[in-house]
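Student: Contents of entry.cif (mmCIF, C-alpha atoms):
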```cif
data_start
loop_
_atom_site.label_atom_id
_atom_site.label_comp_id
_atom_site.auth_asym_id
_atom_site.auth_seq_id
_atom_site.Cartn_x
_atom_site.Cartn_y
_atom_site.Cartn_z
CA MET A 672 -61.76 24.54 -26.51
CA PRO A 673 -62.75 25.12 -22.86
CA THR A 674 -65.59 27.49 -22.09
CA PRO A 675 -64.27 30.75 -20.62
CA PRO A 676 -65.33 31.68 -17.10
CA HIS A 677 -68.36 33.92 -16.70
CA ALA A 678 -67.84 37.59 -15.91
CA ASP A 679 -69.03 37.14 -12.35
CA GLY A 680 -66.12 34.80 -11.69
CA ASP A 681 -68.18 31.60 -11.80
CA SER A 682 -66.88 28.96 -14.15
CA SER A 683 -68.88 26.49 -16.12
CA THR A 684 -66.02 23.99 -15.87
CA THR A 685 -65.86 21.61 -12.94
CA ALA A 686 -63.00 22.37 -10.56
CA PRO A 687 -60.51 19.50 -10.23
CA SER A 688 -60.83 17.47 -7.04
CA PHE A 689 -57.84 16.69 -4.87
CA HIS A 690 -57.38 13.98 -2.25
CA GLU A 691 -56.63 15.34 1.19
CA VAL A 692 -54.00 13.79 3.43
CA ASP A 693 -55.87 13.12 6.64
CA PHE A 694 -54.23 10.59 8.93
CA PRO A 695 -54.97 11.09 12.64
CA PRO A 696 -51.97 9.93 14.72
CA VAL A 697 -53.13 6.42 15.63
CA GLN A 698 -54.40 5.66 12.13
CA ASN A 699 -51.14 7.05 10.77
CA GLY A 700 -49.08 4.78 13.03
CA VAL A 701 -51.12 1.70 12.14
CA ASP A 702 -50.86 2.56 8.43
CA TYR A 703 -47.08 2.43 8.86
CA LEU A 704 -47.52 -1.03 10.42
CA LEU A 705 -49.48 -2.15 7.34
CA SER A 706 -46.60 -0.96 5.18
CA VAL A 707 -44.12 -2.89 7.32
CA VAL A 708 -45.92 -6.23 6.96
CA ASP A 709 -46.47 -5.58 3.24
CA HIS A 710 -42.72 -5.20 2.76
CA LEU A 711 -41.80 -8.19 4.94
CA THR A 712 -44.31 -10.54 3.27
CA ALA A 713 -44.03 -9.19 -0.29
CA ALA A 714 -41.95 -12.21 -1.30
CA GLU A 715 -40.62 -15.42 0.20
CA GLN A 716 -37.33 -13.60 0.79
CA PRO A 717 -37.68 -9.79 1.22
CA GLY A 718 -35.17 -7.83 -0.84
CA PRO A 719 -32.89 -5.04 0.40
CA ARG A 720 -35.42 -2.34 -0.52
CA ASP A 721 -38.21 -4.17 1.34
CA LEU A 722 -36.02 -4.48 4.44
CA LYS A 723 -35.02 -0.81 4.22
CA TYR A 724 -38.59 0.44 4.19
CA ALA A 725 -39.69 -2.13 6.78
CA VAL A 726 -37.13 -0.68 9.21
CA LEU A 727 -37.91 2.96 8.39
CA HIS A 728 -41.69 2.54 8.60
CA LEU A 729 -41.59 0.39 11.73
CA GLN A 730 -39.52 3.04 13.52
CA ALA A 731 -41.93 5.72 12.27
CA ALA A 732 -44.88 3.68 13.58
CA ALA A 733 -43.24 3.22 16.96
CA GLU A 734 -42.56 6.95 17.33
CA VAL A 735 -46.07 7.99 16.29
CA LEU A 736 -47.87 5.45 18.49
CA LEU A 737 -45.72 5.89 21.59
CA LYS A 738 -46.10 9.67 21.39
CA ALA A 739 -49.85 9.36 20.79
CA ARG A 740 -50.06 7.66 24.19
CA LEU A 741 -47.89 10.36 25.77
CA HIS A 742 -50.29 12.95 24.31
CA LEU A 743 -53.17 11.21 26.08
CA GLU A 744 -51.30 11.68 29.36
CA HIS A 745 -50.42 15.33 28.57
CA TRP A 746 -49.46 17.05 25.34
CA SER A 747 -46.31 18.61 26.87
CA LEU A 748 -44.77 15.15 27.37
CA VAL A 749 -44.22 14.87 23.63
CA PHE A 750 -41.69 17.73 23.76
CA LYS A 751 -38.00 16.96 24.12
CA GLU A 752 -37.98 19.53 26.94
CA PRO A 753 -41.47 19.51 28.53
CA GLY A 754 -40.56 22.48 30.72
CA GLN A 755 -40.26 24.65 27.59
CA ALA A 756 -43.50 23.43 26.00
CA THR A 757 -46.14 25.90 24.85
CA ARG A 758 -49.56 25.15 23.44
CA LYS A 759 -48.90 27.43 20.47
CA LYS A 760 -45.75 25.51 19.47
CA PHE A 761 -47.52 22.18 19.97
CA GLU A 762 -50.46 23.07 17.74
CA ALA A 763 -48.10 24.44 15.07
CA GLY A 764 -45.88 21.34 15.28
CA ASP A 765 -42.95 23.70 15.82
CA PHE A 766 -40.88 21.80 18.38
CA ASP A 767 -38.32 19.03 18.88
CA SER A 768 -40.01 15.91 20.20
CA CYS A 769 -38.55 13.35 22.58
CA THR A 770 -36.63 10.33 21.32
CA THR A 771 -38.08 6.82 21.23
CA ALA A 772 -36.06 5.93 24.33
CA GLY A 773 -37.31 9.09 26.03
CA ALA A 774 -40.90 8.26 25.14
CA ILE A 775 -40.55 4.76 26.59
CA ALA A 776 -39.03 6.11 29.81
CA ARG A 777 -41.87 8.64 30.22
CA LEU A 778 -44.52 6.02 29.48
CA ILE A 779 -43.08 3.78 32.19
CA ASP A 780 -42.29 6.45 34.79
CA ILE A 781 -45.17 8.89 34.28
CA ALA A 782 -48.01 7.09 32.51
CA ASP A 783 -47.46 3.75 34.31
CA VAL A 784 -47.45 1.83 31.00
CA ALA A 785 -45.78 -1.59 31.06
CA VAL A 786 -42.97 -2.05 28.53
CA ASP A 787 -41.09 -5.33 28.98
CA ASP A 788 -37.31 -5.46 28.66
CA LYS A 789 -37.30 -7.48 25.42
CA ALA A 790 -39.64 -5.02 23.66
CA ALA A 791 -37.63 -2.03 24.93
CA LYS A 792 -34.41 -3.63 23.67
CA SER A 793 -35.87 -4.39 20.25
CA LEU A 794 -37.19 -0.82 19.99
CA ALA A 795 -33.73 0.54 20.88
CA ILE A 796 -32.04 -1.65 18.25
CA LEU A 797 -34.67 -0.65 15.69
CA SER A 798 -33.91 3.01 16.43
CA ARG A 799 -30.18 2.41 15.85
CA TRP A 800 -30.92 0.65 12.56
CA ARG A 801 -33.08 3.54 11.40
CA ASN A 802 -30.33 6.04 12.28
CA ALA A 803 -27.80 3.93 10.39
CA LEU A 804 -30.05 3.85 7.32
CA GLN A 805 -30.63 7.59 7.47
CA HIS A 806 -27.01 8.61 7.93
CA TYR A 807 -24.53 6.05 6.63
CA GLY A 808 -26.29 2.86 5.55
CA LEU A 809 -27.17 -0.40 7.24
CA LYS A 810 -25.95 -3.94 6.75
CA ALA A 811 -28.32 -6.39 8.43
CA ASN A 812 -29.44 -9.91 7.61
CA ALA A 813 -33.04 -10.41 6.40
CA ARG A 814 -33.76 -12.91 9.16
CA ALA A 815 -32.49 -10.50 11.80
CA VAL A 816 -34.82 -7.78 10.50
CA ASP A 817 -37.74 -10.24 10.33
CA THR A 818 -37.23 -11.34 13.93
CA ARG A 819 -36.75 -7.90 15.47
CA ALA A 820 -39.67 -6.58 13.43
CA ALA A 821 -41.92 -9.40 14.66
CA GLN A 822 -41.02 -8.58 18.27
CA VAL A 823 -41.75 -4.86 17.81
CA LEU A 824 -44.95 -5.55 15.84
CA ASP A 825 -46.19 -7.86 18.59
CA PHE A 826 -45.57 -5.16 21.18
CA LEU A 827 -47.15 -2.35 19.13
CA ILE A 828 -50.29 -4.36 18.28
CA ALA A 829 -50.91 -5.03 21.98
CA PHE A 830 -49.95 -1.42 22.81
CA VAL A 831 -52.55 0.02 20.42
CA HIS A 832 -55.25 -2.38 21.66
CA ASN A 833 -54.57 -1.71 25.34
CA GLU A 834 -53.46 1.91 25.43
CA LEU A 835 -54.91 3.75 22.41
CA LEU A 836 -58.06 2.08 21.07
CA PRO A 837 -60.18 2.85 24.17
CA ALA A 838 -59.63 6.60 23.63
CA LEU A 839 -60.56 6.66 19.92
CA PRO A 840 -63.95 7.78 18.57
CA GLY A 841 -66.15 4.97 17.23
CA GLU A 842 -65.53 5.26 13.47
CA GLU A 843 -61.76 5.65 13.82
CA LYS A 844 -61.67 2.86 16.40
CA GLU A 845 -63.28 0.40 13.97
CA ALA A 846 -60.95 1.42 11.13
CA VAL A 847 -57.87 0.96 13.33
CA ARG A 848 -59.15 -2.36 14.64
CA ARG A 849 -59.65 -3.69 11.09
CA ASP A 850 -56.13 -2.65 10.09
CA LEU A 851 -54.68 -4.23 13.23
CA ASP A 852 -56.35 -7.54 12.35
CA VAL A 853 -54.58 -7.48 8.97
CA VAL A 854 -51.24 -6.68 10.65
CA GLY A 855 -51.76 -9.47 13.18
CA ASP A 856 -52.45 -12.05 10.46
CA ARG A 857 -49.28 -11.09 8.61
CA VAL A 858 -47.20 -11.14 11.80
CA ARG A 859 -48.39 -14.70 12.47
CA THR A 860 -47.10 -15.65 9.02
CA ILE A 861 -43.68 -14.15 9.81
CA LYS A 862 -43.57 -15.78 13.25
CA SER A 863 -44.53 -19.20 11.89
CA PHE A 864 -41.42 -19.15 9.72
CA ILE A 865 -39.28 -17.99 12.66
CA ASN A 866 -40.68 -20.68 14.99
CA ALA A 867 -40.25 -23.45 12.41
CA ARG A 868 -36.58 -22.58 11.93
CA LEU A 869 -35.96 -22.31 15.68
CA LYS A 870 -37.53 -25.74 16.16
CA ARG A 871 -35.13 -27.18 13.59
CA LEU A 872 -32.21 -25.65 15.49
CA THR A 873 -33.17 -27.16 18.88
CA ASP A 874 -31.22 -30.42 18.48
CA GLU A 875 -28.28 -28.63 16.88
CA LEU A 876 -27.86 -26.33 19.89
CA LYS A 877 -28.66 -28.64 22.80
CA ASP A 878 -25.00 -29.53 23.53
CA VAL A 879 -23.63 -25.98 23.32
CA GLN A 880 -26.02 -24.14 25.66
CA HIS A 881 -23.11 -23.19 27.95
CA ARG A 882 -21.67 -21.03 25.14
CA THR A 883 -24.83 -19.90 23.35
CA LEU A 884 -26.02 -16.29 23.70
CA ASP A 885 -28.78 -14.04 22.45
CA CYS A 886 -27.73 -12.72 19.06
CA CYS A 887 -27.16 -8.97 19.10
CA PHE A 888 -28.84 -8.66 15.67
CA CYS A 889 -31.88 -10.96 15.64
CA GLY A 890 -32.28 -11.39 19.41
CA GLU A 891 -32.74 -15.17 19.22
CA SER A 892 -30.73 -17.43 21.53
CA THR A 893 -28.68 -18.84 18.67
CA LEU A 894 -25.29 -17.09 18.78
CA VAL A 895 -22.73 -19.83 19.49
CA VAL A 896 -19.23 -18.64 20.40
CA GLY A 897 -16.04 -20.70 20.40
CA GLU A 898 -16.30 -22.02 16.83
CA SER A 899 -12.69 -21.15 15.94
CA PRO A 900 -11.15 -21.42 13.37
CA LYS A 901 -14.55 -20.86 11.70
CA PRO A 902 -15.93 -17.29 11.82
CA LEU A 903 -18.34 -16.65 14.66
CA SER A 904 -21.91 -16.83 13.33
CA CYS A 905 -25.50 -16.77 14.55
CA ARG A 906 -27.12 -20.10 13.69
CA PHE A 907 -30.51 -18.43 13.05
CA CYS A 908 -29.92 -15.19 11.14
CA HIS A 909 -26.39 -16.12 9.88
CA THR A 910 -24.89 -12.77 10.81
CA THR A 911 -21.13 -13.45 10.83
CA TRP A 912 -18.15 -11.85 12.55
CA ASP A 913 -14.60 -12.60 11.36
CA ASP A 914 -13.18 -11.13 14.57
CA PRO A 915 -14.72 -12.43 17.84
CA ASN A 916 -13.87 -9.12 19.51
CA HIS A 917 -16.20 -7.33 17.09
CA ALA A 918 -19.02 -9.68 18.10
CA LEU A 919 -18.22 -9.06 21.75
CA THR A 920 -18.34 -5.28 21.23
CA GLU A 921 -21.72 -5.46 19.49
CA TYR A 922 -23.07 -7.79 22.19
CA VAL A 923 -21.99 -5.31 24.88
CA MET A 924 -23.70 -2.45 23.00
CA ALA A 925 -26.90 -4.40 22.38
CA TYR A 926 -27.32 -5.68 25.92
CA ASP A 927 -26.03 -2.71 27.93
CA VAL A 928 -23.08 -4.50 29.48
CA ASN A 929 -20.42 -2.32 31.12
CA MET A 930 -17.36 -2.87 28.93
CA ASP A 931 -14.89 -0.90 31.08
CA GLY A 932 -12.61 -3.42 32.75
CA ASN A 933 -14.88 -6.32 31.75
CA VAL A 934 -13.04 -7.31 28.57
CA GLN A 935 -9.83 -9.20 29.22
CA HIS A 936 -7.36 -11.61 27.65
CA CYS A 937 -8.68 -15.16 27.98
CA PRO A 938 -6.59 -17.38 30.32
CA ASN A 939 -7.12 -20.33 27.94
CA CYS A 940 -6.54 -18.92 24.44
CA SER A 941 -4.95 -15.52 25.27
CA GLU A 942 -7.30 -13.70 22.87
CA TYR A 943 -8.63 -10.31 23.99
CA ALA A 944 -12.17 -11.66 23.78
CA LEU A 945 -13.13 -12.62 27.34
CA LEU A 946 -16.24 -10.89 28.67
CA VAL A 947 -16.01 -11.00 32.45
CA ASP A 948 -19.29 -11.32 34.38
CA GLY A 949 -21.28 -10.00 31.43
CA ALA A 950 -22.53 -12.89 29.30
CA ARG A 951 -25.97 -14.47 29.69
CA VAL A 952 -25.87 -17.97 28.22
CA VAL A 953 -28.86 -20.19 27.42
CA GLN A 954 -27.81 -22.67 30.10
CA ALA A 955 -28.10 -20.02 32.86
CA PRO A 956 -30.01 -16.98 31.50
CA GLU A 957 -30.44 -15.33 34.91
CA GLN A 958 -26.71 -15.24 35.64
CA ARG A 959 -23.92 -13.13 34.20
CA ARG A 960 -21.10 -15.46 33.25
CA SER A 961 -17.48 -14.99 32.16
CA LEU A 962 -17.24 -16.26 28.58
CA CYS A 963 -14.58 -16.09 25.88
CA PHE A 964 -16.01 -15.14 22.48
CA ALA A 965 -12.96 -16.68 20.74
CA CYS A 966 -12.56 -20.16 22.27
CA GLY A 967 -15.90 -20.50 24.07
CA SER A 968 -14.37 -21.17 27.48
CA ASP A 969 -16.59 -20.19 30.41
CA PHE A 970 -15.29 -19.59 33.90
CA ASP A 971 -16.96 -19.81 37.30
CA THR A 972 -14.09 -18.13 39.17
CA LEU A 973 -11.66 -15.54 37.87
CA ALA A 974 -9.30 -13.08 39.52
CA GLU A 975 -7.30 -10.05 38.43
CA CYS A 976 -3.53 -10.26 38.82
CA SER A 977 -2.32 -7.54 41.16
CA ASP A 978 0.88 -7.08 39.10
CA CYS A 979 -0.11 -7.22 35.41
CA LEU A 980 -3.88 -6.73 35.89
CA ASN A 981 -4.66 -9.61 33.51
CA THR A 982 -7.44 -12.05 34.35
CA TYR A 983 -6.42 -15.51 35.50
CA ILE A 984 -7.88 -18.64 37.10
CA PRO A 985 -7.02 -18.80 40.82
CA ALA A 986 -5.15 -21.96 41.75
CA SER A 987 -6.79 -22.27 45.18
CA GLU A 988 -8.64 -20.36 47.89
CA ASP A 989 -5.23 -19.32 49.26
CA ASP A 990 -4.29 -17.71 45.95
CA LEU A 991 -1.78 -14.85 46.34
CA GLY A 992 -3.44 -12.58 43.77
CA LEU A 993 -0.85 -13.26 41.05
CA CYS A 994 -1.18 -14.97 37.68
CA GLU A 995 1.16 -17.81 36.82
CA ASP A 996 3.52 -15.62 34.75
CA CYS A 997 3.84 -12.97 37.47
CA MET A 998 4.29 -15.68 40.11
CA ASP A 999 7.19 -17.11 38.05
CA VAL A 1000 8.76 -13.65 37.86
CA ARG A 1001 8.49 -13.25 41.63
CA HIS A 1002 10.08 -16.66 42.23
CA ALA A 1003 12.88 -15.88 39.77
CA LYS A 1004 13.82 -12.82 41.81
CA PHE A 1005 14.41 -14.93 44.84
#
```
Re-express the file's structure as structure tokens.
Tutor:
Amino acid sequence: MPTPPHADGDSSTTAPSFHEVDFPPVQNGVDYLLSVVDHLTAAEQPGPRDLKYAVLHLQAAAEVLLKARLHLEHWSLVFKEPGQATRKKFEAGDFDSCTTAGAIARLIDIADVAVDDKAAKSLAILSRWRNALQHYGLKANARAVDTRAAQVLDFLIAFVHNELLPALPGEEKEAVRRDLDVVGDRVRTIKSFINARLKRLTDELKDVQHRTLDCCFCGESTLVVGESPKPLSCRFCHTTWDDPNHALTEYVMAYDVNMDGNVQHCPNCSEYALLVDGARVVQAPEQRRSLCFACGSDFDTLAECSDCLNTYIPASEDDLGLCEDCMDVRHAKF
């Protein structure tokens, strides 16, 4: 039977001890990174639950770490609307913060932090995946998650080293550095698998570089179009589209291509799957090419028919601005 407390309020029993949650922002962000690599390397093939929490925790890490750097520039930059920021709201945590995309834009434009296009794209896709998981579910291939995660992890490791570590006090700095070393080792394990598979795909893809694109899921240059009648599929992550137009739509969304007026019926196969001046193929990554996602035809020169507005291949430099069908109609009238 426990001894009753003394009359003066003192108790002879020992008060229970509780662990406190104390994660400063940078340590908190890096702890999320540790969770990510734990989930991605928990087994030879991460399961759906591992992939789910890898995506959620990687997005959480990105938000915490990017905003920690904004805070170093000025605390008001973390607010969604900096003009309405108050110190009281900031210290109470009573405010809407900026989005990941907003944080990246402010880091580039205000803090002069370098964020390369590939990292920014992977961060944007990661944010969409997290939103999908939170609101209606996500269907993504394990290899796609591995590859995007490796790209984001690479960026965040360098980001913490270059932008955040110098500002940390000594004890926290050493703790963060130790955790980053663990994350880096695990990322190298993930990347070694990715690189080995890509090396095996080199010979397989060498003759189709004119119709090979960056996959809108994993980001690797392994999406080969024009495989009809087989479904369109990424050779690396094996994400598959039964309808080439669906792949085209997701490619446009992933790589910020203007879809208005740029999707047409293909002059070769007639499918509504031709992306005009919007595809970047492995053979010419600096150019935007016209490529059909159904038959794989690529075109150097295309024109828009002045009558039917369909895309066609001009017959000569003296072309009259009409496709073959509309030209036949004109001739029939005379």
Student: Do a neighbour search on Arg857 of chain A at 10 Å with all atoms listed in the file, toss out local chain neighbours closer than 5 positions, and write the hits as a PDB file with C-alpha atoms, in the coordinates of the input.
Tutor:
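Output (around-v4.pdb):
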```
ATOM      1  CA  LEU A 705     -49.480  -2.150   7.340  1.00  0.00           C
ATOM      2  CA  VAL A 707     -44.120  -2.890   7.320  1.00  0.00           C
ATOM      3  CA  VAL A 708     -45.920  -6.230   6.960  1.00  0.00           C
ATOM      4  CA  ASP A 709     -46.470  -5.580   3.240  1.00  0.00           C
ATOM      5  CA  LEU A 711     -41.800  -8.190   4.940  1.00  0.00           C
ATOM      6  CA  THR A 712     -44.310 -10.540   3.270  1.00  0.00           C
ATOM      7  CA  ALA A 821     -41.920  -9.400  14.660  1.00  0.00           C
ATOM      8  CA  LEU A 851     -54.680  -4.230  13.230  1.00  0.00           C
ATOM      9  CA  ASP A 852     -56.350  -7.540  12.350  1.00  0.00           C
ATOM     10  CA  LYS A 862     -43.570 -15.780  13.250  1.00  0.00           C
ATOM     11  CA  SER A 863     -44.530 -19.200  11.890  1.00  0.00           C
TER      12      SER A 863
END
```
Student: Using only C-alpha atoms, pick whichever of A:Ser899, A:Thr911, A:Thr920, A:Gln755 has the shortest atom-to-atom distance to Cys966 of chain A.
Tutor: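 Closest residue, counting only C-alpha atoms: A:Ser899.
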Student: Return the padded bounding box of segment 862-877 of chain A as lines of an AutoDock Vina configuration file: axis-aligned, built from all atoms listed in the file, 6 Å added on each side, with centre and edge lengths in Å to one decimal.
Tutor:
```
center_x = -36.2
center_y = -23.1
center_z = 16.3
size_x = 28.7
size_y = 26.6
size_z = 25.1
```
Student: Please write the residues picked by the PyMOL selection byres ((chain A and resi 848) around 12) on this file as a PDB file with C-alpha atoms, keeping the file's coordinate frame.
Tutor:
```pdb
ATOM      1  CA  VAL A 697     -53.130   6.420  15.630  1.00  0.00           C
ATOM      2  CA  GLN A 698     -54.400   5.660  12.130  1.00  0.00           C
ATOM      3  CA  VAL A 701     -51.120   1.700  12.140  1.00  0.00           C
ATOM      4  CA  ASP A 702     -50.860   2.560   8.430  1.00  0.00           C
ATOM      5  CA  ILE A 828     -50.290  -4.360  18.280  1.00  0.00           C
ATOM      6  CA  ALA A 829     -50.910  -5.030  21.980  1.00  0.00           C
ATOM      7  CA  VAL A 831     -52.550   0.020  20.420  1.00  0.00           C
ATOM      8  CA  HIS A 832     -55.250  -2.380  21.660  1.00  0.00           C
ATOM      9  CA  ASN A 833     -54.570  -1.710  25.340  1.00  0.00           C
ATOM     10  CA  LEU A 835     -54.910   3.750  22.410  1.00  0.00           C
ATOM     11  CA  LEU A 836     -58.060   2.080  21.070  1.00  0.00           C
ATOM     12  CA  PRO A 837     -60.180   2.850  24.170  1.00  0.00           C
ATOM     13  CA  LEU A 839     -60.560   6.660  19.920  1.00  0.00           C
ATOM     14  CA  PRO A 840     -63.950   7.780  18.570  1.00  0.00           C
ATOM     15  CA  GLY A 841     -66.150   4.970  17.230  1.00  0.00           C
ATOM     16  CA  GLU A 842     -65.530   5.260  13.470  1.00  0.00           C
ATOM     17  CA  GLU A 843     -61.760   5.650  13.820  1.00  0.00           C
ATOM     18  CA  LYS A 844     -61.670   2.860  16.400  1.00  0.00           C
ATOM     19  CA  GLU A 845     -63.280   0.400  13.970  1.00  0.00           C
ATOM     20  CA  ALA A 846     -60.950   1.420  11.130  1.00  0.00           C
ATOM     21  CA  VAL A 847     -57.870   0.960  13.330  1.00  0.00           C
ATOM     22  CA  ARG A 849     -59.650  -3.690  11.090  1.00  0.00           C
ATOM     23  CA  ASP A 850     -56.130  -2.650  10.090  1.00  0.00           C
ATOM     24  CA  LEU A 851     -54.680  -4.230  13.230  1.00  0.00           C
ATOM     25  CA  ASP A 852     -56.350  -7.540  12.350  1.00  0.00           C
ATOM     26  CA  VAL A 853     -54.580  -7.480   8.970  1.00  0.00           C
ATOM     27  CA  VAL A 854     -51.240  -6.680  10.650  1.00  0.00           C
ATOM     28  CA  GLY A 855     -51.760  -9.470  13.180  1.00  0.00           C
TER      29      GLY A 855
END
```
Student: Please provide as a PyMOL selection string all residues within 10 Å of segment 725-729 of chain A, with the sequence filter that same-chain residues fewer than 4 positions apart are discarded (counting only C-alpha atoms).
Tutor: chain A and resi 700-711+717+719-721+733-735+794+797-798+800-802+804-805+816-817+819-820+823-824+827
Student: Interatomic distance between atom CA of Phe750 of chain A and atom CA of Thr770 of chain A?
Tutor: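 Atom-to-atom, atom CA of Phe750 of chain A to atom CA of Thr770 of chain A, that is 9.3 Å.
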Student: Kindly provide the residues of segment 897-964 of chain A that approach segment 882-887 of chain A to within 7 Å, each paired with its closest atom pair and their distance in Å to one decimal, based on all atoms listed in the file, listed by chain and increasing number, as CSV.
Tutor:
```
residue,atom,partner,partner_atom,distance
A:Cys905,CA,A:Cys886,CA,6.5
A:Glu921,CA,A:Cys887,CA,6.5
A:Tyr922,CA,A:Cys887,CA,5.3
A:Ala925,CA,A:Cys887,CA,5.6
A:Arg951,CA,A:Leu884,CA,6.3
A:Val952,CA,A:Leu884,CA,4.8
A:Val953,CA,A:Thr883,CA,5.7
```
Student: Set the distance at 6 Å and use only C-alpha atoms: which residues neighbour segment 937-943 of chain A once local chain neighbours fewer than 2 positions away are removed? I'd like the list as a list of chain:residue names.
Tutor: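 That gives A:Gln935, A:Leu945, A:Tyr983.
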Student: From the list A:Leu876, A:Cys908, A:Cys994, A:Cys976, which residue is nearest Gln954 of chain A when using all atoms listed in the file?
Tutor: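 Going through A:Leu876, A:Cys908, A:Cys994, A:Cys976 one by one, the smallest distance to Gln954 of chain A is for A:Leu876.
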Student: May I ask which of the residues A:Ala790, A:Pro915, A:Ala838, A:Arg799 is the closest one to Gly890 of chain A, counting only C-alpha atoms?
Tutor: A:Ala790
Student: Which one is closest to Val879 of chain A: A:Gly949, A:Pro902, A:Pro695, A:Gly967? Count all atoms listed in the file.
Tutor: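 Under the stated criterion, the closest residue is A:Gly967.
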Student: Just give me the gap between atom CA of Arg959 of chain A and atom CA of Asn933 of chain A in Å, one decimal is fine.
Tutor: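 Atom CA of Asn933 of chain A lies 11.6 Å from atom CA of Arg959 of chain A.
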Student: What separation in Å, quoted to one decimal, exists between atom CA of Val895 of chain A and atom CA of Ala791 of chain A?
Tutor: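 These two atoms are separated by 23.8 Å.
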Student: Go through A:Leu809, A:Val896, A:Ile861, A:Cys963 one by one, measure the shortest atom-to-atom distance of each to Tyr724 of chain A using all atoms listed in the file, and give the residue with the smallest value.
Tutor: A:Leu809
Student: Have a look at A:Asp856, A:Asp948, A:Asp825, A:Glu715 and name the one nearest to Leu973 of chain A; count only C-alpha atoms.
Tutor: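 Smallest separation from Leu973 of chain A among the options: A:Asp948.
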Student: Would you mind listing what lies within 12 Å of Glu875 of chain A as a list in words, with only C-alpha atoms counted and same-chain residues fewer than 5 positions away left out?
Tutor: Arg868, Leu869, Lys870, Gln880, Thr883, Thr893, Val895, Arg906 and Phe907 of chain A
Student: How would the residues just picked look written out with C-alpha atoms as a PDB file, keeping the file's coordinate frame?
Tutor:
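Wrote out_13.pdb, looks like this:
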```pdb
ATOM      1  CA  ARG A 868     -36.580 -22.580  11.930  1.00  0.00           C
ATOM      2  CA  LEU A 869     -35.960 -22.310  15.680  1.00  0.00           C
ATOM      3  CA  LYS A 870     -37.530 -25.740  16.160  1.00  0.00           C
ATOM      4  CA  GLN A 880     -26.020 -24.140  25.660  1.00  0.00           C
ATOM      5  CA  THR A 883     -24.830 -19.900  23.350  1.00  0.00           C
ATOM      6  CA  THR A 893     -28.680 -18.840  18.670  1.00  0.00           C
ATOM      7  CA  VAL A 895     -22.730 -19.830  19.490  1.00  0.00           C
ATOM      8  CA  ARG A 906     -27.120 -20.100  13.690  1.00  0.00           C
ATOM      9  CA  PHE A 907     -30.510 -18.430  13.050  1.00  0.00           C
TER      10      PHE A 907
END
```
Student: When the PyMOL selection byres ((chain A and resi 747) around 12) is applied to the file above, which residues end up in the set, as number ranges by chain?
Tutor: A: 738-746, 748-762, 764, 766-769, 774, 777
Student: Expanded to explicit residues, what is the PyMOL selection byres ((chain A and resi 970) around 9) for this file, as a list in words?
Tutor: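 This file, filtered by the PyMOL selection byres ((chain A and resi 970) around 9), leaves Val947, Arg960, Ser961, Leu962, Cys963, Ser968, Asp969, Asp971, Thr972, Leu973 and Ile984 of chain A.
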